[in-house]
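J.: One file is attached below, run-v7.cif, containing mmCIF, C-alpha atoms and all ligand atoms.
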```cif
data_model
#
loop_
_atom_site.label_atom_id
_atom_site.label_comp_id
_atom_site.auth_asym_id
_atom_site.auth_seq_id
_atom_site.Cartn_x
_atom_site.Cartn_y
_atom_site.Cartn_z
CA MET W 1472 -91.22 129.39 -19.36
CA ASN W 1473 -92.61 126.59 -17.17
CA THR W 1474 -94.70 123.79 -18.65
CA PRO W 1475 -97.97 123.16 -16.72
CA VAL W 1476 -98.10 120.05 -14.55
CA SER W 1477 -101.03 118.47 -12.69
CA PRO W 1478 -101.38 115.88 -9.92
CA ASP W 1479 -102.66 113.42 -12.53
CA ASP W 1480 -99.47 113.91 -14.58
CA LEU W 1481 -97.48 112.86 -11.50
CA ARG W 1482 -99.87 109.97 -10.77
CA ASN W 1483 -99.48 108.63 -14.28
CA ARG W 1484 -95.73 109.01 -14.07
CA ILE W 1485 -95.33 107.06 -10.83
CA GLU W 1486 -97.76 104.34 -11.88
CA GLY W 1487 -95.56 103.66 -14.89
CA VAL W 1488 -92.36 103.77 -12.83
CA VAL W 1489 -93.69 101.38 -10.16
CA GLN W 1490 -95.06 98.99 -12.77
CA ALA W 1491 -91.76 98.85 -14.68
CA TYR W 1492 -89.43 98.81 -11.64
CA SER W 1493 -89.52 95.10 -10.71
CA GLN W 1494 -88.97 93.88 -14.24
CA LYS W 1495 -86.20 96.39 -14.82
CA ASN W 1496 -84.44 95.34 -11.63
CA ASP W 1497 -85.27 91.66 -11.96
CA ILE W 1498 -87.00 91.44 -8.56
CA ARG W 1499 -90.33 90.13 -7.35
CA PRO W 1500 -93.17 92.59 -8.07
CA PHE W 1501 -93.97 93.52 -4.48
CA TRP W 1502 -96.36 96.36 -5.27
CA ARG W 1503 -99.85 97.32 -6.32
CA THR W 1504 -100.77 100.60 -8.02
CA PRO W 1505 -99.42 103.59 -6.04
CA LEU W 1506 -101.54 106.47 -4.75
CA LEU W 1507 -100.53 110.14 -4.76
CA ALA W 1508 -102.01 113.26 -3.17
CA THR W 1509 -100.88 116.88 -3.33
CA ALA W 1510 -101.48 119.87 -1.09
CA VAL W 1511 -100.75 123.57 -1.27
CA ALA W 1512 -97.75 124.23 1.00
CA ASP W 1513 -99.67 126.77 3.07
CA ASP W 1514 -99.97 127.43 6.80
CA ARG W 1515 -101.78 124.11 7.37
CA PHE W 1516 -98.28 122.60 7.54
CA ASP W 1517 -97.28 124.93 10.39
CA VAL W 1518 -99.06 122.48 12.69
CA LEU W 1519 -96.40 119.81 12.07
CA PRO W 1520 -94.15 120.65 15.03
CA ARG W 1521 -97.24 120.32 17.25
CA ILE W 1522 -98.70 117.08 15.87
CA ALA W 1523 -95.41 115.36 14.91
CA ALA W 1524 -91.83 115.98 16.16
CA GLU W 1525 -91.26 119.44 17.65
CA ASP W 1526 -88.28 119.88 15.30
CA HIS W 1527 -90.26 118.66 12.27
CA ALA W 1528 -89.18 120.51 9.13
CA LEU W 1529 -91.64 122.66 7.20
CA PRO W 1530 -91.95 122.52 3.41
CA ARG W 1531 -90.13 125.85 3.11
CA ASP W 1532 -87.21 124.42 5.14
CA LEU W 1533 -86.64 121.96 2.31
CA LEU W 1534 -87.30 124.43 -0.47
CA ASP W 1535 -87.58 128.16 0.19
CA THR W 1536 -89.91 128.59 -2.81
CA ALA W 1537 -92.12 125.57 -1.94
CA ARG W 1538 -95.71 125.87 -3.22
CA SER W 1539 -96.85 122.23 -3.08
CA VAL W 1540 -96.29 119.07 -1.08
CA VAL W 1541 -96.53 115.72 -2.91
CA VAL W 1542 -97.06 112.53 -0.88
CA PHE W 1543 -97.36 109.03 -2.30
CA PHE W 1544 -98.03 105.52 -1.03
CA VAL W 1545 -96.78 102.29 -2.61
CA PRO W 1546 -99.03 99.43 -1.39
CA PHE W 1547 -97.70 95.88 -1.07
CA ILE W 1548 -99.37 92.99 -2.84
CA PRO W 1549 -101.68 90.83 -0.65
CA GLU W 1550 -99.31 87.84 -0.88
CA VAL W 1551 -96.48 89.70 0.86
CA ALA W 1552 -98.82 90.76 3.66
CA LYS W 1553 -100.12 87.20 3.98
CA GLU W 1554 -96.59 85.77 4.14
CA ASN W 1555 -95.80 88.08 7.07
CA HIS W 1556 -98.76 86.90 9.11
CA PRO W 1557 -97.70 83.58 10.73
CA GLY W 1558 -95.84 83.60 14.03
CA GLU W 1559 -94.25 86.47 15.89
CA ASN W 1560 -91.27 87.04 13.60
CA PRO W 1561 -91.28 88.90 10.29
CA SER W 1562 -91.00 86.88 7.07
CA ARG W 1563 -88.03 87.23 4.74
CA SER W 1564 -90.30 88.52 1.99
CA TRP W 1565 -91.52 91.32 4.28
CA GLY W 1566 -87.90 92.34 4.88
CA LEU W 1567 -87.08 92.12 1.18
CA ALA W 1568 -90.19 94.11 0.27
CA TYR W 1569 -89.19 96.79 2.81
CA GLU W 1570 -85.67 97.10 1.38
CA ALA W 1571 -86.88 97.08 -2.22
CA ALA W 1572 -89.64 99.59 -1.44
CA ASN W 1573 -87.14 102.01 0.11
CA ARG W 1574 -85.01 101.83 -3.05
CA LEU W 1575 -88.11 102.18 -5.23
CA ILE W 1576 -89.29 105.21 -3.27
CA GLY W 1577 -85.90 106.88 -3.69
CA HIS W 1578 -86.12 106.17 -7.41
CA VAL W 1579 -89.70 107.48 -7.68
CA CYS W 1580 -88.70 110.69 -5.90
CA GLU W 1581 -85.80 111.21 -8.29
CA VAL W 1582 -88.03 110.56 -11.30
CA LEU W 1583 -90.62 113.05 -10.04
CA GLN W 1584 -87.90 115.60 -9.29
CA ARG W 1585 -86.52 115.24 -12.83
CA GLU W 1586 -90.01 115.44 -14.31
CA LEU W 1587 -90.65 118.69 -12.43
CA GLU W 1588 -87.24 120.13 -13.25
CA ASP W 1589 -87.70 119.29 -16.94
CA ARG W 1590 -90.88 121.37 -16.81
CA GLY W 1591 -89.00 124.29 -15.26
CA TYR W 1592 -89.75 123.81 -11.54
CA ARG W 1593 -87.64 123.11 -8.48
CA ALA W 1594 -88.17 120.11 -6.19
CA ALA W 1595 -86.54 118.91 -2.96
CA LEU W 1596 -86.40 115.38 -1.56
CA THR W 1597 -85.91 113.59 1.76
CA PRO W 1598 -85.04 109.93 2.46
CA ALA W 1599 -87.84 107.32 2.66
CA THR W 1600 -86.85 106.30 6.19
CA HIS W 1601 -84.39 106.74 9.08
CA ASN W 1602 -84.72 110.51 8.98
CA PHE W 1603 -85.77 110.44 12.62
CA ASP W 1604 -84.45 111.33 16.03
CA GLN W 1605 -83.15 108.08 17.57
CA GLU W 1606 -83.88 109.34 21.09
CA LYS W 1607 -87.40 110.66 20.61
CA LEU W 1608 -88.18 108.15 17.83
CA MET W 1609 -90.01 110.85 15.92
CA ALA W 1610 -89.37 111.65 12.26
CA ARG W 1611 -88.15 115.14 11.45
CA TRP W 1612 -89.91 114.69 8.11
CA SER W 1613 -92.88 112.39 8.67
CA HIS W 1614 -94.39 111.12 5.42
CA LYS W 1615 -97.41 109.94 7.42
CA HIS W 1616 -98.14 113.35 8.93
CA LEU W 1617 -97.62 114.99 5.55
CA GLY W 1618 -99.93 112.39 4.03
CA TYR W 1619 -102.52 113.15 6.70
CA LEU W 1620 -102.43 116.88 5.91
CA ALA W 1621 -102.52 116.19 2.15
CA GLY W 1622 -105.52 113.83 2.51
CA LEU W 1623 -103.76 110.66 1.40
CA GLY W 1624 -105.02 108.72 4.41
CA ARG W 1625 -105.65 108.70 8.14
CA PHE W 1626 -103.94 107.23 11.22
CA GLY W 1627 -105.09 103.93 12.67
CA VAL W 1628 -104.95 102.87 16.31
CA ASN W 1629 -101.72 101.07 15.37
CA ALA W 1630 -100.18 104.43 14.27
CA GLN W 1631 -100.03 102.98 10.76
CA PHE W 1632 -101.26 105.13 7.91
CA ILE W 1633 -104.52 103.87 6.42
CA THR W 1634 -105.01 104.89 2.81
CA PRO W 1635 -107.91 103.99 0.51
CA VAL W 1636 -105.90 100.83 -0.36
CA GLY W 1637 -104.86 99.98 3.18
CA CYS W 1638 -101.80 100.48 5.36
CA ALA W 1639 -99.48 97.70 4.17
CA GLY W 1640 -96.96 99.59 2.10
CA ARG W 1641 -94.39 102.37 2.16
CA MET W 1642 -94.57 106.15 1.69
CA GLY W 1643 -92.52 108.90 0.12
CA SER W 1644 -92.83 112.65 -0.36
CA LEU W 1645 -91.27 115.72 -1.86
CA VAL W 1646 -91.85 119.45 -2.13
CA THR W 1647 -91.88 121.57 -5.24
CA ASP W 1648 -92.50 125.12 -6.36
CA ALA W 1649 -94.94 123.85 -9.02
CA ASP W 1650 -98.51 124.91 -8.21
CA LEU W 1651 -100.30 121.56 -7.92
CA GLY W 1652 -103.18 122.61 -5.69
CA ASP W 1653 -105.00 120.32 -3.27
CA SER W 1654 -105.85 116.86 -4.58
CA PRO W 1655 -106.80 114.78 -1.53
CA LEU W 1656 -107.96 111.18 -1.91
CA VAL W 1657 -109.63 111.10 1.50
CA ASN W 1658 -112.09 113.56 2.97
CA ALA W 1659 -113.42 111.40 5.81
CA GLU W 1660 -112.21 112.24 9.33
CA GLU W 1661 -111.14 108.66 10.07
CA LEU W 1662 -110.54 105.38 8.23
CA CYS W 1663 -109.92 103.22 11.31
CA LEU W 1664 -112.85 101.07 12.45
CA HIS W 1665 -112.20 101.63 16.14
CA LYS W 1666 -111.97 105.37 15.68
CA ILE W 1667 -115.42 105.51 14.10
CA GLY W 1668 -116.89 103.48 16.95
CA ARG W 1669 -116.97 100.08 15.27
CA LYS W 1670 -115.59 96.84 16.66
CA CYS W 1671 -112.00 95.99 15.76
CA LEU W 1672 -108.70 96.50 17.66
CA VAL W 1673 -107.28 93.46 15.83
CA CYS W 1674 -103.96 95.34 15.61
CA VAL W 1675 -103.77 95.60 19.41
CA ASP W 1676 -103.88 91.81 19.79
CA ARG W 1677 -101.39 91.30 17.00
CA CYS W 1678 -98.42 93.14 18.47
CA PRO W 1679 -95.99 90.58 19.93
CA VAL W 1680 -94.63 93.08 22.48
CA GLY W 1681 -97.86 94.83 23.47
CA ALA W 1682 -96.78 98.12 21.90
CA VAL W 1683 -100.20 98.92 20.40
CA SER W 1684 -103.03 100.04 22.64
CA VAL W 1685 -106.13 102.18 22.33
CA SER W 1686 -104.21 105.04 23.88
CA GLY W 1687 -101.55 104.96 21.15
CA ILE W 1688 -98.29 103.34 20.24
CA ASP W 1689 -95.40 102.65 22.59
CA ARG W 1690 -92.69 103.88 20.20
CA LYS W 1691 -89.84 102.64 22.33
CA GLY W 1692 -91.28 99.14 22.71
CA CYS W 1693 -91.86 98.92 18.97
CA TRP W 1694 -88.41 100.28 18.06
CA GLU W 1695 -86.67 97.83 20.42
CA ARG W 1696 -88.53 95.00 18.73
CA LEU W 1697 -87.55 96.19 15.25
CA LYS W 1698 -83.87 96.37 16.22
CA GLU W 1699 -84.05 92.98 17.90
CA ASN W 1700 -85.65 91.39 14.83
CA ILE W 1701 -82.85 92.27 12.43
CA ALA W 1702 -80.29 91.08 14.98
CA ARG W 1703 -81.84 87.71 15.81
CA VAL W 1704 -84.47 86.54 13.30
CA ASP W 1705 -83.04 83.85 11.00
CA ALA W 1706 -85.41 84.75 8.17
CA LEU W 1707 -83.81 88.22 8.00
CA ALA W 1708 -80.22 86.92 7.90
CA GLY W 1709 -78.06 88.79 5.39
CA LEU W 1710 -80.48 91.70 4.96
CA GLU W 1711 -79.29 95.27 5.55
CA SER W 1712 -78.66 96.22 9.19
CA SER W 1713 -81.11 99.11 8.74
CA THR W 1714 -83.93 96.73 7.77
CA HIS W 1715 -86.00 97.39 10.89
CA VAL W 1716 -89.16 95.42 10.25
CA CYS W 1717 -92.03 93.67 12.00
CA GLY W 1718 -95.35 94.73 10.49
CA LYS W 1719 -97.49 92.27 12.46
CA CYS W 1720 -99.97 95.06 13.21
CA GLN W 1721 -100.14 95.87 9.49
CA VAL W 1722 -100.97 92.49 7.98
CA LEU W 1723 -104.23 90.54 7.80
CA VAL W 1724 -105.96 93.22 9.85
CA PRO W 1725 -109.10 94.88 8.44
CA CYS W 1726 -107.16 97.94 7.28
CA SER W 1727 -104.20 96.07 5.67
CA LEU W 1728 -105.27 96.24 2.04
CA LYS W 1729 -108.28 98.56 1.96
CA ASP W 1730 -110.15 101.31 3.73
CA PRO W 1731 -112.23 99.13 6.07
CA THR W 1732 -114.80 101.88 6.66
CA GLY W 1733 -115.59 102.36 2.98
CA ASN W 1734 -115.63 106.09 3.78
CA SER W 1735 -112.62 107.30 1.85
CA GLY W 1736 -114.48 108.00 -1.36
CA CYS W 1737 -111.33 106.75 -3.09
CA ARG W 1738 -110.61 107.93 -6.60
CA SER W 1739 -108.04 105.16 -7.11
S1 LIG V 1 -106.79 96.92 12.77
FE1 LIG V 1 -108.75 97.89 13.21
S2 LIG V 1 -108.44 99.13 15.04
FE2 LIG V 1 -106.42 98.60 14.22
S3 LIG V 1 -105.93 100.36 12.92
FE3 LIG V 1 -106.86 98.83 11.59
S4 LIG V 1 -109.06 99.36 11.55
FE4 LIG V 1 -108.13 100.46 13.28
S1 LIG V 2 -94.54 96.95 14.07
FE1 LIG V 2 -94.55 95.11 15.38
S2 LIG V 2 -93.66 95.73 17.31
FE2 LIG V 2 -94.24 97.59 16.22
S3 LIG V 2 -96.28 98.06 16.94
FE3 LIG V 2 -96.54 96.87 15.07
S4 LIG V 2 -96.71 94.76 15.77
FE4 LIG V 2 -95.87 95.95 17.48
#
```
Represent the structure from my file as structure tokens, please.

T.:
Amino acid sequence: MNTPVSPDDLRNRIEGVVQAYSQKNDIRPFWRTPLLATAVADDRFDVLPRIAAEDHALPRDLLDTARSVVVFFVPFIPEVAKENHPGENPSRSWGLAYEAANRLIGHVCEVLQRELEDRGYRAALTPATHNFDQEKLMARWSHKHLGYLAGLGRFGVNAQFITPVGCAGRMGSLVTDADLGDSPLVNAEELCLHKIGRKCLVCVDRCPVGAVSVSGIDRKGCWERLKENIARVDALAGLESSTHVCGKCQVLVPCSLKDPTGNSGCRS
């Protein structure tokens, strides 16, 4: 017999895990309170191969009995974003926060999987990053597109994912056969100032390689910069070779740490 579970049960669980993680691992507390949204794994997700990578997996590809998709966002603290602002190179703390967040997200996913399994459900996970096609530079499991469909946030001009607490942070997701229903945090169409016709485009000016424009992101230009950074930036010396970071279009812009439109109707 399965024990009932709700989106708020999972929210409470990950809040506790994120809060305890830095102390437990003796690292700087890089994070604010995480956000989580759920969605019924119905035919809305069939659009993924059209709006994301054409070989994007569907929830049922991960778990044949999938009934819900769970997507969460772990926002960085303002200090880490601020430290990444000066100059054209990423700060060491931004690289460390990226690495630590990827480990944290893996841990959160495992905790949620265990929690669901203990209640009698199945759950399937994917990695936090580098699950993408290196040629097309498109994720085969895009947390951002899943988050969009689940109502966790909306895309900005910079292709970053703007949640009710901003875009500076990292995402994770999983699928489960628990019936969690829809619990979106955002109902507004857009959370990007430019997309609602207000003045902004700060992110366009911020990109050191001109990869952000009103017509979208130059994925190749951005990816080349990320690879170059880990190879040549002194501040990133000794970090993992997969620490592909920049984040200049994510920090000290209007959507870094909040929904700049005030439209999200956030329940966080
Ligand atoms: S910086 Fe401005 S234009 Fe760019 S994504 Fe954020 S809100 Fe939109
Ligand atoms: S992450 Fe850096 S290189 Fe990529 S689009 Fe943003 S500012 Fe440009």

J.: Name the residues, by chain letter and number, that sit within 8 Å of ligand LIG 1 (chain V) using all atoms listed in the file, and give them as a list in words.

T.: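 Result of the 8 Å neighbour search around ligand LIG 1 (chain V): Phe1626, Gly1627, Val1628, Asn1629, Ala1630, Gln1631, Ile1633, Leu1662, Cys1663, Leu1664, His1665, Lys1666, Lys1670, Cys1671, Leu1672, Val1673, Cys1674, Val1675, Cys1720, Gln1721, Val1724, Pro1725, Cys1726, Ser1727, Pro1731 and Thr1732 of chain W.
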
J.: Rounded to one decimal place, report the atom CA of Ala1706 of chain W-atom CA of Gly1640 of chain W distance in Å.

T.: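 Between atom CA of Ala1706 of chain W and atom CA of Gly1640 of chain W the gap is 19.8 Å.
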
J.: So which residues are near ligand LIG 2 (chain V), meaning at most 7 Å away with all atoms listed in the file counted, given back as a list in words?

T.: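 Based on all atoms listed in the file, ligand LIG 2 (chain V) is surrounded within 7 Å by Asn1629, Arg1677, Cys1678, Pro1679, Val1680, Gly1681, Ala1682, Val1683, Ile1688, Gly1692, Cys1693, Trp1694, Arg1696, Leu1697, Val1716, Cys1717, Gly1718, Lys1719, Cys1720 and Gln1721 of chain W.
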
J.: Quick one: residues within 12 Å of (-98.3, 110.1, 9.1) (file frame), counting all atoms listed in the file, please, as a VMD selection string.

T.: chain W and resid 1519 1522 to 1524 1542 to 1544 1609 to 1627 1629 to 1634 1638 1641 to 1644

J.: How would the residues just chosen look if you wrote them out with C-alpha atoms as a PDB file, in the coordinates of the input?

T.:
```
ATOM      1  CA  LEU W1519     -96.400 119.810  12.070  1.00  0.00           C
ATOM      2  CA  ILE W1522     -98.700 117.080  15.870  1.00  0.00           C
ATOM      3  CA  ALA W1523     -95.410 115.360  14.910  1.00  0.00           C
ATOM      4  CA  ALA W1524     -91.830 115.980  16.160  1.00  0.00           C
ATOM      5  CA  VAL W1542     -97.060 112.530  -0.880  1.00  0.00           C
ATOM      6  CA  PHE W1543     -97.360 109.030  -2.300  1.00  0.00           C
ATOM      7  CA  PHE W1544     -98.030 105.520  -1.030  1.00  0.00           C
ATOM      8  CA  MET W1609     -90.010 110.850  15.920  1.00  0.00           C
ATOM      9  CA  ALA W1610     -89.370 111.650  12.260  1.00  0.00           C
ATOM     10  CA  ARG W1611     -88.150 115.140  11.450  1.00  0.00           C
ATOM     11  CA  TRP W1612     -89.910 114.690   8.110  1.00  0.00           C
ATOM     12  CA  SER W1613     -92.880 112.390   8.670  1.00  0.00           C
ATOM     13  CA  HIS W1614     -94.390 111.120   5.420  1.00  0.00           C
ATOM     14  CA  LYS W1615     -97.410 109.940   7.420  1.00  0.00           C
ATOM     15  CA  HIS W1616     -98.140 113.350   8.930  1.00  0.00           C
ATOM     16  CA  LEU W1617     -97.620 114.990   5.550  1.00  0.00           C
ATOM     17  CA  GLY W1618     -99.930 112.390   4.030  1.00  0.00           C
ATOM     18  CA  TYR W1619    -102.520 113.150   6.700  1.00  0.00           C
ATOM     19  CA  LEU W1620    -102.430 116.880   5.910  1.00  0.00           C
ATOM     20  CA  ALA W1621    -102.520 116.190   2.150  1.00  0.00           C
ATOM     21  CA  GLY W1622    -105.520 113.830   2.510  1.00  0.00           C
ATOM     22  CA  LEU W1623    -103.760 110.660   1.400  1.00  0.00           C
ATOM     23  CA  GLY W1624    -105.020 108.720   4.410  1.00  0.00           C
ATOM     24  CA  ARG W1625    -105.650 108.700   8.140  1.00  0.00           C
ATOM     25  CA  PHE W1626    -103.940 107.230  11.220  1.00  0.00           C
ATOM     26  CA  GLY W1627    -105.090 103.930  12.670  1.00  0.00           C
ATOM     27  CA  ASN W1629    -101.720 101.070  15.370  1.00  0.00           C
ATOM     28  CA  ALA W1630    -100.180 104.430  14.270  1.00  0.00           C
ATOM     29  CA  GLN W1631    -100.030 102.980  10.760  1.00  0.00           C
ATOM     30  CA  PHE W1632    -101.260 105.130   7.910  1.00  0.00           C
ATOM     31  CA  ILE W1633    -104.520 103.870   6.420  1.00  0.00           C
ATOM     32  CA  THR W1634    -105.010 104.890   2.810  1.00  0.00           C
ATOM     33  CA  CYS W1638    -101.800 100.480   5.360  1.00  0.00           C
ATOM     34  CA  ARG W1641     -94.390 102.370   2.160  1.00  0.00           C
ATOM     35  CA  MET W1642     -94.570 106.150   1.690  1.00  0.00           C
ATOM     36  CA  GLY W1643     -92.520 108.900   0.120  1.00  0.00           C
ATOM     37  CA  SER W1644     -92.830 112.650  -0.360  1.00  0.00           C
TER      38      SER W1644
END
```

J.: Quick check, in Å to one decimal: how far apart do atom CA of Val1657 of chain W and atom CA of Leu1645 of chain W lie?

T.: 19.2 Å

J.: For each of W:Leu1656, W:Val1551, W:Leu1587, W:Val1722, take the minimum atom-to-atom distance to Ser1539 of chain W, counting all atoms listed in the file, then give the residue where this is smallest.

T.: W:Leu1587

J.: To one decimal place in Å, what is the distance between atom CA of Phe1501 of chain W and atom CA of Ala1568 of chain W?

T.: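 These two atoms are separated by 6.1 Å.
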
J.: Nearest to Arg1593 of chain W: which of W:Ala1537, W:Leu1710, W:Ile1498, W:Arg1484 is it, counting only C-alpha atoms?

T.: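 Looking at the shortest contact to Arg1593 of chain W, the residue is W:Ala1537.
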
J.: Rank W:Met1472, W:Ala1512, W:Leu1529, W:Ile1667 by their smallest atom-to-atom distance to Asn1734 of chain W, using only C-alpha atoms, and report the top residue only.

T.: W:Ile1667

J.: Take segment 1540-1560 of chain W, bring it up to N, CA and C atoms, and give me the output as a PDB file, in the coordinates of the input.

T.:
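The result, written out as result-v7.pdb:
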```
ATOM      1  N   VAL W1540     -96.850 120.279  -1.684  1.00  0.00           N
ATOM      2  CA  VAL W1540     -96.290 119.070  -1.080  1.00  0.00           C
ATOM      3  C   VAL W1540     -96.908 117.881  -1.834  1.00  0.00           C
ATOM      4  N   VAL W1541     -96.077 116.918  -2.195  1.00  0.00           N
ATOM      5  CA  VAL W1541     -96.530 115.720  -2.910  1.00  0.00           C
ATOM      6  C   VAL W1541     -96.232 114.522  -2.015  1.00  0.00           C
ATOM      7  N   VAL W1542     -97.255 113.715  -1.734  1.00  0.00           N
ATOM      8  CA  VAL W1542     -97.060 112.530  -0.880  1.00  0.00           C
ATOM      9  C   VAL W1542     -97.619 111.324  -1.629  1.00  0.00           C
ATOM     10  N   PHE W1543     -96.864 110.217  -1.599  1.00  0.00           N
ATOM     11  CA  PHE W1543     -97.360 109.030  -2.300  1.00  0.00           C
ATOM     12  C   PHE W1543     -97.219 107.781  -1.431  1.00  0.00           C
ATOM     13  N   PHE W1544     -97.999 106.784  -1.782  1.00  0.00           N
ATOM     14  CA  PHE W1544     -98.030 105.520  -1.030  1.00  0.00           C
ATOM     15  C   PHE W1544     -97.895 104.377  -2.027  1.00  0.00           C
ATOM     16  N   VAL W1545     -96.964 103.467  -1.747  1.00  0.00           N
ATOM     17  CA  VAL W1545     -96.780 102.290  -2.610  1.00  0.00           C
ATOM     18  C   VAL W1545     -97.276 101.076  -1.822  1.00  0.00           C
ATOM     19  N   PRO W1546     -98.460 100.544  -2.162  1.00  0.00           N
ATOM     20  CA  PRO W1546     -99.030  99.430  -1.390  1.00  0.00           C
ATOM     21  C   PRO W1546     -98.415  98.085  -1.789  1.00  0.00           C
ATOM     22  N   PHE W1547     -98.212  97.227  -0.790  1.00  0.00           N
ATOM     23  CA  PHE W1547     -97.700  95.880  -1.070  1.00  0.00           C
ATOM     24  C   PHE W1547     -98.813  95.004  -1.640  1.00  0.00           C
ATOM     25  N   ILE W1548     -98.401  93.968  -2.346  1.00  0.00           N
ATOM     26  CA  ILE W1548     -99.370  92.990  -2.840  1.00  0.00           C
ATOM     27  C   ILE W1548     -99.893  92.149  -1.657  1.00  0.00           C
ATOM     28  N   PRO W1549    -101.115  91.602  -1.761  1.00  0.00           N
ATOM     29  CA  PRO W1549    -101.680  90.830  -0.650  1.00  0.00           C
ATOM     30  C   PRO W1549    -100.802  89.648  -0.242  1.00  0.00           C
ATOM     31  N   GLU W1550    -100.118  89.023  -1.207  1.00  0.00           N
ATOM     32  CA  GLU W1550     -99.310  87.840  -0.880  1.00  0.00           C
ATOM     33  C   GLU W1550     -98.214  88.165   0.122  1.00  0.00           C
ATOM     34  N   VAL W1551     -97.571  89.333  -0.040  1.00  0.00           N
ATOM     35  CA  VAL W1551     -96.480  89.700   0.860  1.00  0.00           C
ATOM     36  C   VAL W1551     -97.022  89.918   2.274  1.00  0.00           C
ATOM     37  N   ALA W1552     -98.191  90.550   2.358  1.00  0.00           N
ATOM     38  CA  ALA W1552     -98.820  90.760   3.660  1.00  0.00           C
ATOM     39  C   ALA W1552     -99.170  89.416   4.286  1.00  0.00           C
ATOM     40  N   LYS W1553     -99.712  88.520   3.480  1.00  0.00           N
ATOM     41  CA  LYS W1553    -100.120  87.200   3.980  1.00  0.00           C
ATOM     42  C   LYS W1553     -98.903  86.416   4.486  1.00  0.00           C
ATOM     43  N   GLU W1554     -97.808  86.504   3.753  1.00  0.00           N
ATOM     44  CA  GLU W1554     -96.590  85.770   4.140  1.00  0.00           C
ATOM     45  C   GLU W1554     -96.023  86.281   5.468  1.00  0.00           C
ATOM     46  N   ASN W1555     -96.325  87.524   5.812  1.00  0.00           N
ATOM     47  CA  ASN W1555     -95.800  88.080   7.070  1.00  0.00           C
ATOM     48  C   ASN W1555     -96.701  87.801   8.266  1.00  0.00           C
ATOM     49  N   HIS W1556     -97.793  87.099   8.025  1.00  0.00           N
ATOM     50  CA  HIS W1556     -98.760  86.900   9.110  1.00  0.00           C
ATOM     51  C   HIS W1556     -98.358  85.835  10.147  1.00  0.00           C
ATOM     52  N   PRO W1557     -97.899  84.636   9.724  1.00  0.00           N
ATOM     53  CA  PRO W1557     -97.700  83.580  10.730  1.00  0.00           C
ATOM     54  C   PRO W1557     -96.611  83.902  11.757  1.00  0.00           C
ATOM     55  N   GLY W1558     -96.853  83.492  12.979  1.00  0.00           N
ATOM     56  CA  GLY W1558     -95.840  83.600  14.030  1.00  0.00           C
ATOM     57  C   GLY W1558     -95.588  85.028  14.497  1.00  0.00           C
ATOM     58  N   GLU W1559     -94.561  85.159  15.304  1.00  0.00           N
ATOM     59  CA  GLU W1559     -94.250  86.470  15.890  1.00  0.00           C
ATOM     60  C   GLU W1559     -93.090  87.169  15.191  1.00  0.00           C
ATOM     61  N   ASN W1560     -92.411  86.442  14.288  1.00  0.00           N
ATOM     62  CA  ASN W1560     -91.270  87.040  13.600  1.00  0.00           C
ATOM     63  C   ASN W1560     -91.637  87.459  12.179  1.00  0.00           C
TER      64      ASN W1560
END
```
